[in-house]
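Listing of data25.cif; format and content: mmCIF, C-alpha atoms.
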```cif
data_run
loop_
_atom_site.label_atom_id
_atom_site.label_comp_id
_atom_site.auth_asym_id
_atom_site.auth_seq_id
_atom_site.Cartn_x
_atom_site.Cartn_y
_atom_site.Cartn_z
CA MET A 703 66.23 96.55 103.70
CA LEU A 704 66.76 99.96 102.12
CA ILE A 705 65.98 101.57 105.43
CA GLY A 706 68.42 99.26 107.15
CA MET A 707 71.12 99.95 104.60
CA ALA A 708 70.67 103.70 104.92
CA ALA A 709 70.77 103.59 108.69
CA CYS A 710 74.14 101.90 109.01
CA ASP A 711 77.47 103.63 108.97
CA ALA A 712 80.09 102.81 106.38
CA PRO A 713 82.62 100.11 107.26
CA THR A 714 84.98 101.84 109.66
CA VAL A 715 88.49 101.10 110.85
CA PRO A 716 88.88 102.44 114.39
CA SER A 717 91.69 104.83 115.24
CA GLU A 718 94.90 103.36 116.55
CA ALA A 719 97.32 104.77 119.08
CA PRO A 720 101.06 104.81 118.43
CA ALA A 721 103.10 102.30 120.40
CA TYR A 722 105.92 104.75 121.09
CA ASP A 723 106.98 108.32 120.52
CA HIS A 724 107.09 108.84 116.78
CA THR A 725 108.04 112.51 116.73
CA LEU A 726 111.29 114.39 116.36
CA PRO A 727 112.68 116.41 119.26
CA GLY A 728 110.28 119.30 119.77
CA GLU A 729 107.42 116.92 118.95
CA LEU A 730 107.70 117.71 115.27
CA LEU A 731 105.97 115.28 112.97
CA TYR A 732 106.89 114.65 109.37
CA HIS A 733 105.96 112.26 106.61
CA TRP A 734 105.68 112.26 102.87
CA ALA A 735 102.36 113.10 101.26
CA LEU A 736 100.10 110.07 101.29
CA GLY A 737 100.13 108.11 98.08
CA ARG A 738 103.22 109.88 96.82
CA THR A 739 105.87 107.54 95.47
CA ILE A 740 109.04 108.00 97.49
CA ARG A 741 111.95 107.52 95.12
CA ILE A 742 115.05 105.98 96.64
CA TYR A 743 118.46 105.75 95.06
CA VAL A 744 120.79 103.14 96.53
CA ASP A 745 124.49 103.89 96.11
CA THR A 746 126.06 100.44 96.10
CA THR A 747 129.61 101.72 96.37
CA ALA A 748 131.48 99.50 98.86
CA SER A 749 128.39 97.45 99.61
CA GLY A 750 127.52 95.75 96.36
CA ALA A 751 124.04 94.74 95.35
CA GLN A 752 123.15 93.46 98.81
CA LEU A 753 122.39 96.99 100.00
CA SER A 754 119.87 97.40 97.17
CA ARG A 755 118.26 94.10 98.05
CA HIS A 756 117.92 95.06 101.69
CA VAL A 757 116.50 98.48 100.86
CA LEU A 758 113.95 96.94 98.54
CA ALA A 759 113.02 94.26 101.05
CA GLY A 760 112.83 96.71 103.93
CA ALA A 761 110.66 99.09 101.93
CA GLU A 762 108.32 96.25 101.04
CA GLU A 763 108.06 95.29 104.71
CA TRP A 764 107.00 98.80 105.65
CA LYS A 765 104.63 99.08 102.71
CA SER A 766 102.93 95.88 103.78
CA VAL A 767 101.87 97.27 107.16
CA VAL A 768 99.75 100.13 105.87
CA TYR A 769 96.12 99.48 105.03
CA TYR A 770 95.36 101.53 101.94
CA ARG A 771 98.56 101.69 99.87
CA GLU A 772 99.15 105.18 101.19
CA LEU A 773 102.90 104.43 101.31
CA ASP A 774 104.61 103.82 98.00
CA VAL A 775 108.30 103.39 97.20
CA ALA A 776 110.30 103.07 94.00
CA ILE A 777 113.99 102.44 93.53
CA THR A 778 115.60 104.80 91.03
CA SER A 779 118.56 104.10 88.82
CA THR A 780 120.18 107.50 89.33
CA ALA A 781 120.43 110.04 92.11
CA ASP A 782 119.01 112.74 89.83
CA ASP A 783 115.38 111.82 90.41
CA ALA A 784 115.68 110.45 93.94
CA ASP A 785 113.98 111.82 97.03
CA VAL A 786 116.20 109.74 99.29
CA ILE A 787 119.74 108.43 98.90
CA VAL A 788 120.90 105.35 100.82
CA HIS A 789 124.61 104.58 100.98
CA THR A 790 127.23 103.21 103.32
CA ASP A 791 129.78 105.14 105.29
CA GLN A 792 132.39 103.84 102.84
CA ALA A 793 130.80 105.80 99.99
CA PRO A 794 131.17 109.55 99.56
CA PHE A 795 128.11 111.72 99.99
CA LEU A 796 126.32 112.40 96.73
CA VAL A 797 124.69 115.54 98.09
CA GLN A 798 125.86 118.76 99.64
CA PHE A 799 124.45 119.94 102.94
CA PRO A 800 123.38 123.59 102.88
CA VAL A 801 124.88 126.06 105.33
CA GLY A 802 122.96 125.91 108.58
CA CYS A 803 122.01 122.28 108.19
CA GLY A 804 125.10 120.84 109.77
CA PHE A 805 126.36 117.44 108.77
CA PRO A 806 125.19 113.87 109.42
CA PRO A 807 126.55 112.90 112.84
CA PRO A 808 129.07 110.03 112.78
CA PHE A 809 127.39 107.82 115.37
CA GLY A 810 125.29 104.71 115.47
CA GLY A 811 124.82 102.00 112.92
CA GLY A 812 122.82 104.24 110.66
CA VAL A 813 121.87 107.87 110.27
CA THR A 814 118.90 109.34 108.45
CA PHE A 815 119.68 112.99 107.90
CA PHE A 816 117.39 115.79 106.78
CA CYS A 817 117.12 119.48 107.43
CA ALA A 818 114.15 121.79 107.97
CA ASN A 819 113.82 125.25 106.52
CA GLU A 820 113.97 128.28 108.80
CA GLN A 821 110.20 128.32 109.25
CA GLU A 822 110.29 124.63 110.17
CA THR A 823 107.51 123.90 107.71
CA GLU A 824 109.30 121.73 105.16
CA LEU A 825 112.52 119.92 104.48
CA VAL A 826 115.17 121.57 102.36
CA ARG A 827 116.55 120.02 99.22
CA PHE A 828 120.11 118.74 99.26
CA PRO A 829 121.84 119.68 95.96
CA LEU A 830 123.71 116.90 94.22
CA THR A 831 127.49 117.16 94.37
CA ALA A 832 127.59 116.24 90.69
CA GLY A 833 125.42 119.24 89.88
CA GLY A 834 122.10 119.28 88.12
CA GLY A 835 119.97 120.10 91.14
CA GLY A 836 118.17 116.92 92.04
CA ARG A 837 115.31 116.56 94.53
CA VAL A 838 116.96 114.77 97.43
CA LYS A 839 115.45 115.58 100.82
CA MET A 840 116.95 112.79 102.92
CA ASP A 841 120.34 111.10 103.14
CA VAL A 842 120.73 107.73 104.81
CA THR A 843 124.14 106.45 105.87
CA ILE A 844 124.66 102.84 106.95
CA ASP A 845 127.78 102.15 108.97
CA LEU A 846 129.26 98.94 107.63
CA ALA A 847 131.21 98.43 110.86
CA ASP A 848 127.89 97.77 112.58
CA ALA A 849 126.48 95.72 109.72
CA THR A 850 128.75 92.73 110.10
CA THR A 851 126.15 90.19 109.01
CA PRO A 852 123.39 90.27 106.39
CA THR A 853 120.85 90.20 109.20
CA ALA A 854 122.43 93.17 110.92
CA LEU A 855 122.55 95.08 107.65
CA ARG A 856 118.93 94.27 106.95
CA SER A 857 117.95 95.37 110.43
CA LEU A 858 119.77 98.69 110.12
CA VAL A 859 118.34 99.40 106.69
CA THR A 860 114.76 98.63 107.75
CA HIS A 861 115.24 100.79 110.85
CA GLU A 862 116.50 103.76 108.84
CA LEU A 863 113.67 103.37 106.35
CA GLY A 864 111.30 103.70 109.29
CA HIS A 865 112.83 107.12 109.89
CA VAL A 866 112.57 107.94 106.18
CA PHE A 867 108.86 107.16 106.19
CA GLY A 868 108.15 109.34 109.21
CA ILE A 869 109.03 107.66 112.49
CA GLY A 870 111.10 110.38 114.12
CA GLY A 871 111.64 108.68 117.45
CA HIS A 872 112.72 105.34 118.80
CA SER A 873 110.95 102.47 120.49
CA ASN A 874 112.02 101.44 123.96
CA ASN A 875 111.14 97.81 123.20
CA PRO A 876 114.15 95.79 121.96
CA ALA A 877 111.83 93.60 119.90
CA ASP A 878 110.82 96.50 117.67
CA VAL A 879 112.70 97.35 114.52
CA MET A 880 112.62 100.98 115.64
CA PHE A 881 114.50 100.19 118.85
CA ALA A 882 117.57 102.40 118.91
CA ALA A 883 119.91 99.43 118.54
CA PRO A 884 117.73 97.22 116.38
CA SER A 885 118.03 93.49 115.96
CA ALA A 886 114.60 92.87 114.40
CA THR A 887 114.53 92.74 110.63
CA ILE A 888 110.85 93.28 110.05
CA PRO A 889 108.45 95.76 111.63
CA THR A 890 106.52 94.43 114.59
CA GLU A 891 102.85 95.13 115.12
CA ARG A 892 103.94 97.97 117.41
CA ASP A 893 106.09 99.44 114.65
CA ALA A 894 103.26 98.96 112.18
CA ARG A 895 100.70 100.65 114.41
CA THR A 896 103.01 103.57 115.02
CA LEU A 897 103.62 104.12 111.30
CA ARG A 898 99.94 103.82 110.45
CA TYR A 899 99.08 106.32 113.14
CA LEU A 900 101.61 108.97 112.16
CA LEU A 901 100.90 108.71 108.44
CA HIS A 902 97.36 109.85 109.10
CA GLN A 903 98.34 112.82 111.24
CA PRO A 904 98.87 116.35 109.93
CA VAL A 905 102.54 117.14 109.51
CA ASP A 906 104.69 119.91 110.90
CA LEU A 907 107.45 119.29 108.35
CA ARG A 908 106.59 118.38 104.78
CA PRO A 909 109.37 116.60 102.87
CA MET R 881 69.11 83.07 56.91
CA ASP R 882 66.44 83.88 54.29
CA PHE R 883 63.34 85.93 54.93
CA SER R 884 61.02 83.00 55.75
CA ALA R 885 63.48 81.47 58.17
CA ARG R 886 63.91 84.83 59.90
CA SER R 887 60.12 85.18 60.15
CA THR R 888 59.83 81.73 61.67
CA ALA R 889 62.45 82.59 64.24
CA ILE R 890 60.65 85.80 65.18
CA VAL R 891 57.32 83.99 65.47
CA LEU R 892 58.87 81.31 67.68
CA TYR R 893 60.44 83.99 69.88
CA LEU R 894 57.15 85.88 70.25
CA ALA R 895 55.32 82.66 70.99
CA THR R 896 57.79 81.89 73.74
CA VAL R 897 57.39 85.34 75.25
CA ALA R 898 53.63 85.09 75.07
CA ALA R 899 53.64 81.66 76.65
CA THR R 900 55.72 82.76 79.62
CA ALA R 901 53.72 85.97 80.01
CA THR R 902 50.49 84.03 80.42
CA ALA R 903 51.88 81.39 82.71
CA GLN R 904 49.70 80.49 85.67
CA PRO R 905 50.76 81.71 89.13
CA GLY R 906 52.09 79.00 91.38
CA ARG R 907 53.36 76.98 88.52
CA LEU R 908 57.04 77.13 87.66
CA SER R 909 57.01 78.33 84.11
CA ARG R 910 59.86 78.81 81.75
CA PRO R 911 61.78 81.91 82.80
CA ARG R 912 62.11 85.00 80.71
CA GLY R 913 65.67 86.02 80.19
CA GLY R 914 67.05 89.48 80.19
CA ILE R 915 70.23 91.46 80.31
CA GLU R 916 71.24 94.57 82.16
CA ILE R 917 73.96 97.11 81.69
CA GLY R 918 74.56 100.00 83.99
CA MET R 919 76.94 102.15 85.88
CA ALA R 920 77.48 102.27 89.61
CA ALA R 921 78.29 105.63 91.11
CA PRO R 922 81.44 106.01 93.23
CA SER R 923 80.91 104.79 96.75
CA LEU R 924 82.65 104.61 100.07
CA LEU R 925 84.21 101.23 100.76
CA VAL R 926 86.10 101.89 103.99
CA SER R 927 86.36 104.87 106.30
CA ASP R 928 89.29 105.02 108.69
CA ALA R 929 88.57 106.92 111.87
CA SER R 930 92.04 108.43 111.71
CA GLY R 931 91.34 110.07 108.37
CA PRO R 932 91.79 108.04 105.20
CA GLN R 933 88.94 106.77 103.10
CA LEU R 934 88.87 104.12 100.43
CA HIS R 935 86.41 104.58 97.58
CA LEU R 936 85.13 102.45 94.76
CA GLY R 937 85.17 104.48 91.57
CA PHE R 938 82.62 104.45 88.79
CA ALA R 939 81.91 100.84 88.01
CA PRO R 940 80.37 99.45 84.83
CA VAL R 941 77.86 96.75 85.65
CA ILE R 942 76.67 93.95 83.41
CA GLY R 943 74.19 91.31 84.34
CA GLY R 944 71.87 88.57 83.28
CA ILE R 945 68.36 87.99 84.61
CA ALA R 946 65.90 85.16 84.71
CA ALA R 947 62.34 86.11 85.70
CA TRP R 948 59.39 83.93 86.62
CA PRO R 949 55.85 85.38 86.77
CA LEU R 950 54.22 84.94 90.16
CA GLY R 951 51.09 86.86 89.30
CA PRO R 952 49.74 89.46 86.90
CA ARG R 953 52.01 92.14 88.30
CA LEU R 954 54.48 90.23 90.38
CA LYS R 955 57.50 88.26 89.30
CA SER R 956 60.49 86.67 90.93
CA MET R 957 63.90 87.41 89.52
CA LEU R 958 67.28 85.75 89.74
CA ALA R 959 70.08 88.09 88.72
CA LEU R 960 73.78 87.62 88.26
CA ARG R 961 75.70 90.88 88.00
CA ALA R 962 79.39 91.64 87.64
CA SER R 963 81.20 94.92 87.98
CA ALA R 964 84.70 96.29 88.30
CA ALA R 965 86.02 99.53 89.74
CA VAL R 966 89.22 101.30 90.57
CA LEU R 967 90.01 101.79 94.23
CA ARG R 968 90.99 105.28 95.29
CA GLY R 969 92.45 106.21 98.65
CA SER R 970 92.11 109.74 99.94
CA GLN R 971 92.80 111.88 102.94
CA GLY R 972 92.44 115.63 102.84
CA ASN R 973 93.93 116.81 99.56
CA ALA R 974 95.90 113.61 99.03
CA GLU R 975 94.52 110.98 96.70
CA TRP R 976 96.11 107.80 95.43
CA ASP R 977 95.56 104.64 93.43
CA ALA R 978 94.86 101.64 95.65
CA GLY R 979 94.35 99.05 92.94
CA ARG R 980 91.31 97.47 91.33
CA SER R 981 88.26 95.73 92.70
CA SER R 982 85.67 93.50 91.12
CA GLN R 983 82.50 91.94 92.40
CA ILE R 984 79.96 89.38 91.38
CA ALA R 985 76.51 89.37 92.93
CA LEU R 986 73.88 86.67 92.74
CA GLN R 987 70.53 87.93 93.92
CA LEU R 988 67.09 86.45 94.22
CA GLY R 989 64.17 88.81 94.58
CA VAL R 990 60.80 90.01 93.46
CA GLU R 991 59.57 92.84 91.31
CA GLN R 992 56.13 94.37 91.63
CA THR R 993 54.70 96.34 88.75
CA LEU R 994 52.76 99.46 89.70
CA GLY R 995 50.62 100.86 86.94
CA THR R 996 51.73 100.12 83.42
CA ARG R 997 55.35 101.17 83.44
CA PHE R 998 56.66 101.50 86.96
CA GLY R 999 58.11 98.67 89.02
CA VAL R 1000 59.83 98.26 92.36
CA SER R 1001 62.07 95.40 93.37
CA LEU R 1002 63.83 93.90 96.34
CA ALA R 1003 66.47 91.19 96.25
CA VAL R 1004 68.99 89.47 98.49
CA GLY R 1005 71.93 87.22 97.91
CA PRO R 1006 75.66 86.71 98.09
CA THR R 1007 78.28 89.06 96.68
CA TRP R 1008 81.82 87.97 95.98
CA LEU R 1009 84.21 90.88 96.36
CA PHE R 1010 87.76 90.75 95.06
CA GLY R 1011 90.62 93.20 95.42
CA PRO R 1012 94.30 93.62 96.22
CA ALA R 1013 95.43 91.41 99.09
CA ASP R 1014 97.42 94.20 100.75
CA VAL R 1015 94.51 96.62 101.00
CA THR R 1016 91.83 96.72 103.66
CA PRO R 1017 89.18 95.24 103.52
CA PHE R 1018 90.70 92.50 101.38
CA ARG R 1019 93.81 91.91 103.47
CA ALA R 1020 92.00 90.48 106.47
CA ALA R 1021 88.87 89.11 104.89
CA SER R 1022 88.46 85.44 105.66
CA SER R 1023 86.45 85.01 102.48
CA ALA R 1024 85.44 86.90 99.36
CA LEU R 1025 81.82 86.08 100.13
CA HIS R 1026 79.61 88.77 101.62
CA TRP R 1027 75.86 88.94 102.02
CA GLY R 1028 73.90 91.75 100.54
CA GLY R 1029 70.90 92.87 98.68
CA SER R 1030 69.37 95.56 96.58
CA GLY R 1031 66.29 97.66 96.26
CA GLY R 1032 65.34 99.47 93.12
CA ALA R 1033 62.86 100.85 90.71
CA SER R 1034 62.34 100.44 86.99
CA TRP R 1035 60.55 102.47 84.37
CA ARG R 1036 59.52 100.71 81.21
CA VAL R 1037 60.42 103.12 78.45
CA SER R 1038 58.63 101.27 75.66
CA GLN R 1039 55.34 99.37 75.55
CA LYS R 1040 56.43 97.52 72.45
CA ARG R 1041 59.77 96.28 73.65
CA PRO R 1042 60.74 95.05 77.12
CA ILE R 1043 63.19 97.86 77.75
CA ALA R 1044 63.32 99.51 81.14
CA ALA R 1045 65.47 102.15 82.77
CA THR R 1046 66.54 101.06 86.21
CA LEU R 1047 67.71 102.74 89.37
CA ALA R 1048 68.85 100.67 92.32
CA VAL R 1049 70.71 100.84 95.57
CA ASP R 1050 72.69 97.70 96.14
CA GLY R 1051 74.95 96.78 98.95
CA PHE R 1052 76.75 94.15 100.89
CA MET R 1053 78.15 93.82 104.37
CA ILE R 1054 81.85 93.67 105.17
CA GLY R 1055 83.89 93.65 108.34
CA GLY R 1056 84.25 91.58 111.46
CA SER R 1057 85.24 88.55 109.47
CA SER R 1058 88.20 87.64 111.65
CA LEU R 1059 90.03 88.76 114.77
CA ASN R 1060 92.60 90.44 112.55
CA ASP R 1061 90.03 92.34 110.53
CA PRO R 1062 90.69 96.07 111.02
CA ILE R 1063 87.00 96.65 110.36
CA ALA R 1064 85.78 95.46 113.72
CA GLU R 1065 82.05 95.92 113.17
CA PRO R 1066 80.22 94.64 110.07
CA ALA R 1067 78.69 97.46 108.05
CA TRP R 1068 77.12 98.10 104.69
CA VAL R 1069 78.87 99.13 101.52
CA ARG R 1070 76.27 100.79 99.31
CA ARG R 1071 76.17 101.78 95.67
CA VAL R 1072 73.69 103.58 93.48
CA VAL R 1073 73.38 101.89 90.10
CA VAL R 1074 71.60 103.31 87.06
CA GLY R 1075 71.11 101.17 84.02
CA VAL R 1076 69.03 99.73 81.29
CA ARG R 1077 67.36 96.33 81.27
CA TYR R 1078 66.16 94.41 78.27
CA GLY R 1079 63.80 91.53 78.89
CA GLY R 1080 63.38 89.86 82.22
#
```

Target encoding structure tokens, full file:
Amino acid sequence: MLIGMAACDAPTVPSEAPAYDHTLPGELLYHWALGRTIRIYVDTTASGAQLSRHVLAGAEEWKSVVYYRELDVAITSTADDADVIVHTDQAPFLVQFPVGCGFPPPFGGGVTFFCANEQETELVRFPLTAGGGGRVKMDVTIDLADATTPTALRSLVTHELGHVFGIGGHSNNPADVMFAAPSATIPTERDARTLRYLLHQPVDLRP
Amino acid sequence: MDFSARSTAIVLYLATVAATATAQPGRLSRPRGGIEIGMAAPSLLVSDASGPQLHLGFAPVIGGIAAWPLGPRLKSMLALRASAAVLRGSQGNAEWDAGRSSQIALQLGVEQTLGTRFGVSLAVGPTWLFGPADVTPFRAASSALHWGGSGGASWRVSQKRPIAATLAVDGFMIGGSSLNDPIAEPAWVRRVVVGVRYGG
């Protein structure tokens, strides 16, 4: 039996292929360091507590699709210690966008905005408008005009969180939550496979 | 307990040990009990072909043994062992906490004494493995039950007392338990366990 035990490989999960293009234009790939807790602050101005609930639920949905707890999320009570800020278009930005980064484009139901450094090796930090520095690397805007129902809001939030966690592209399948105009509220197996794949790839841009 | 009562208890204990030690082969005699404590070295639980690995950390092991003599140098042993370990995920320089795991193994086997102090053993039996429901291999496992076994050696450190140092490789098979199991092919999870046994 010892010989048999020594001869066998360890239990192995085969590699998966992504279901759709998960990279940014220029085929750049980004994701947070595995196992790092991504701290999200939800600005509930003009949205109430429902935005927080949807962010929490959406984050849990994405967390549930990875196999080894390599994706972790926490909701913070202030913007000071957040990596990501989620707010609606009715709320003012809590961060400033450095010169050269541009500004979040005013299109679509939601926008996840971040900016690479000149070397395109990591994301730059967005200083807080209130001062004090902060550590924000991503800003997510949800357009309330497109979130007319709780389901639509949930769908938009979960979609944008997919971008936050590293899915830089869009699915061409309307059933997927990462379809450009999403109606799904939870990640499909295709979404899940794509996230799992990209999380295990080396990054071009480190948040 | 006064001195005479303590002496009586010791005599009764020694008589019991002597009786079981001289039991005739082929006859089910009263088993000799024993306990084990040990430590399992970190081991690989799951390897993902795309990079990540999931490890079991150092795991304290405690167990109880019942042994029946089958011959002058051969005995059968029934062992129940429990252990617990942290789960650590890793890929490259990244490492993270993936929860806790525990296992209980019931194994039936034999031990052959070689010389006066050295013994080798083989055992098989079920292992129940528990862990967080969102982590592979637990998330898709159809049952906590897995089949496994162990092989080991012991070195009796004292001729006066039944104390032995033990070294064993134990393992169990996981994977392929359902269509949704990400581990498509069953494979062995192995651990090296060092410990001390008293009795048995």

*asked:* Neighbouring residues of stretch 774-779 of chain A were defined as those with any atom within 8 Å, considering only C-alpha atoms; residues of the same chain fewer than 4 positions away were excluded. Please report them as a ChimeraX atom specification.
replied: /A:737-744,758,761,765,783-784

*Starting from chain A, keep only residues with some atom at most 9 Å from an atom of chain R, counting only C-alpha atoms, and report them as a PyMOL selection string.*
chain A and resi 703-704+707-708+710-718+735-738+765-772+899+902-903

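Between atom CA of A:Leu900 and atom CA of A:Tyr722 lies a distance of 10.8 Å.
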
From (67.5, 104.5, 86.0), in the file's coordinates, out to 7 Å: which residues are reached, counting only C-alpha atoms? Answer as a short mmCIF file (atom, residue, chain, number, x, y, z; two decimals) with C-alpha atoms, in the coordinates of the input.
```cif
data_model
loop_
_atom_site.label_atom_id
_atom_site.label_comp_id
_atom_site.auth_asym_id
_atom_site.auth_seq_id
_atom_site.Cartn_x
_atom_site.Cartn_y
_atom_site.Cartn_z
CA SER R 1034 62.34 100.44 86.99
CA ALA R 1045 65.47 102.15 82.77
CA THR R 1046 66.54 101.06 86.21
CA LEU R 1047 67.71 102.74 89.37
CA VAL R 1074 71.60 103.31 87.06
CA GLY R 1075 71.11 101.17 84.02
CA VAL R 1076 69.03 99.73 81.29
#
```

*Would you work out the distance separating atom CA of A:Asp785 from atom CA of A:Leu825, expressed in Å to one decimal?*
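Separation of atom CA of A:Asp785 and atom CA of A:Leu825: 11.1 Å.
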
*Quote the spacing between atom CA of A:Glu820 and atom CA of A:Asp841 in Å to one decimal place.*
19.2 Å

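Using all atoms listed in the file, the protein and nucleic acid residues lying no more than 9 Å from R:Gly1080, apart from those fewer than 4 places from it along its own chain, are Pro911, Arg912, Gly913, Gly914, Ile915, Gly944, Ile945, Ala946, Ala947, Trp948, Met957 and Pro1042 of chain R.
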
*In file coordinates, which residues lie within 12 Å of (127.5, 115.8, 87.5) using only C-alpha atoms, given as a count of residues only?*
13

*Quick one: everything within 12 Å of A:Pro808, counting only C-alpha atoms, minus sequence neighbours fewer than 3 positions away in the same chain. Send it as a ChimeraX atom specification.*
/A:790-791,804-805,811-815,842-845,847

Some atoms are missing, so please complete stretch 794-809 of chain A with N, CA and C atoms and return it as a PDB file, in the coordinates of the input.
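Once written, out_24.pdb looks like this:
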```pdb
ATOM      1  N   PRO A 794     131.248 108.101  99.350  1.00  0.00           N
ATOM      2  CA  PRO A 794     131.170 109.550  99.560  1.00  0.00           C
ATOM      3  C   PRO A 794     129.731 110.033  99.444  1.00  0.00           C
ATOM      4  N   PHE A 795     129.448 111.139 100.110  1.00  0.00           N
ATOM      5  CA  PHE A 795     128.110 111.720  99.990  1.00  0.00           C
ATOM      6  C   PHE A 795     127.874 112.188  98.560  1.00  0.00           C
ATOM      7  N   LEU A 796     126.684 111.955  98.083  1.00  0.00           N
ATOM      8  CA  LEU A 796     126.320 112.400  96.730  1.00  0.00           C
ATOM      9  C   LEU A 796     125.589 113.737  96.759  1.00  0.00           C
ATOM     10  N   VAL A 797     125.376 114.243  97.957  1.00  0.00           N
ATOM     11  CA  VAL A 797     124.690 115.540  98.090  1.00  0.00           C
ATOM     12  C   VAL A 797     125.534 116.477  98.949  1.00  0.00           C
ATOM     13  N   GLN A 798     125.247 117.753  98.789  1.00  0.00           N
ATOM     14  CA  GLN A 798     125.860 118.760  99.640  1.00  0.00           C
ATOM     15  C   GLN A 798     124.837 119.161 100.707  1.00  0.00           C
ATOM     16  N   PHE A 799     125.355 119.539 101.858  1.00  0.00           N
ATOM     17  CA  PHE A 799     124.450 119.940 102.940  1.00  0.00           C
ATOM     18  C   PHE A 799     124.513 121.456 103.073  1.00  0.00           C
ATOM     19  N   PRO A 800     123.397 122.129 102.866  1.00  0.00           N
ATOM     20  CA  PRO A 800     123.380 123.590 102.880  1.00  0.00           C
ATOM     21  C   PRO A 800     123.889 124.158 104.208  1.00  0.00           C
ATOM     22  N   VAL A 801     124.408 125.371 104.130  1.00  0.00           N
ATOM     23  CA  VAL A 801     124.880 126.060 105.330  1.00  0.00           C
ATOM     24  C   VAL A 801     123.716 126.168 106.319  1.00  0.00           C
ATOM     25  N   GLY A 802     123.999 125.847 107.556  1.00  0.00           N
ATOM     26  CA  GLY A 802     122.960 125.910 108.580  1.00  0.00           C
ATOM     27  C   GLY A 802     122.334 124.560 108.856  1.00  0.00           C
ATOM     28  N   CYS A 803     122.594 123.609 107.985  1.00  0.00           N
ATOM     29  CA  CYS A 803     122.010 122.280 108.190  1.00  0.00           C
ATOM     30  C   CYS A 803     122.922 121.358 108.984  1.00  0.00           C
ATOM     31  N   GLY A 804     124.173 121.737 109.104  1.00  0.00           N
ATOM     32  CA  GLY A 804     125.100 120.840 109.770  1.00  0.00           C
ATOM     33  C   GLY A 804     125.482 119.692 108.867  1.00  0.00           C
ATOM     34  N   PHE A 805     125.828 118.577 109.506  1.00  0.00           N
ATOM     35  CA  PHE A 805     126.360 117.440 108.770  1.00  0.00           C
ATOM     36  C   PHE A 805     125.878 116.174 109.480  1.00  0.00           C
ATOM     37  N   PRO A 806     125.647 115.098 108.736  1.00  0.00           N
ATOM     38  CA  PRO A 806     125.190 113.870 109.420  1.00  0.00           C
ATOM     39  C   PRO A 806     126.159 113.454 110.517  1.00  0.00           C
ATOM     40  N   PRO A 807     125.662 113.258 111.727  1.00  0.00           N
ATOM     41  CA  PRO A 807     126.550 112.900 112.840  1.00  0.00           C
ATOM     42  C   PRO A 807     127.132 111.498 112.660  1.00  0.00           C
ATOM     43  N   PRO A 808     128.389 111.318 113.021  1.00  0.00           N
ATOM     44  CA  PRO A 808     129.070 110.030 112.780  1.00  0.00           C
ATOM     45  C   PRO A 808     128.863 109.039 113.926  1.00  0.00           C
ATOM     46  N   PHE A 809     127.604 108.789 114.296  1.00  0.00           N
ATOM     47  CA  PHE A 809     127.390 107.820 115.370  1.00  0.00           C
ATOM     48  C   PHE A 809     126.340 106.803 114.951  1.00  0.00           C
TER      49      PHE A 809
END
```
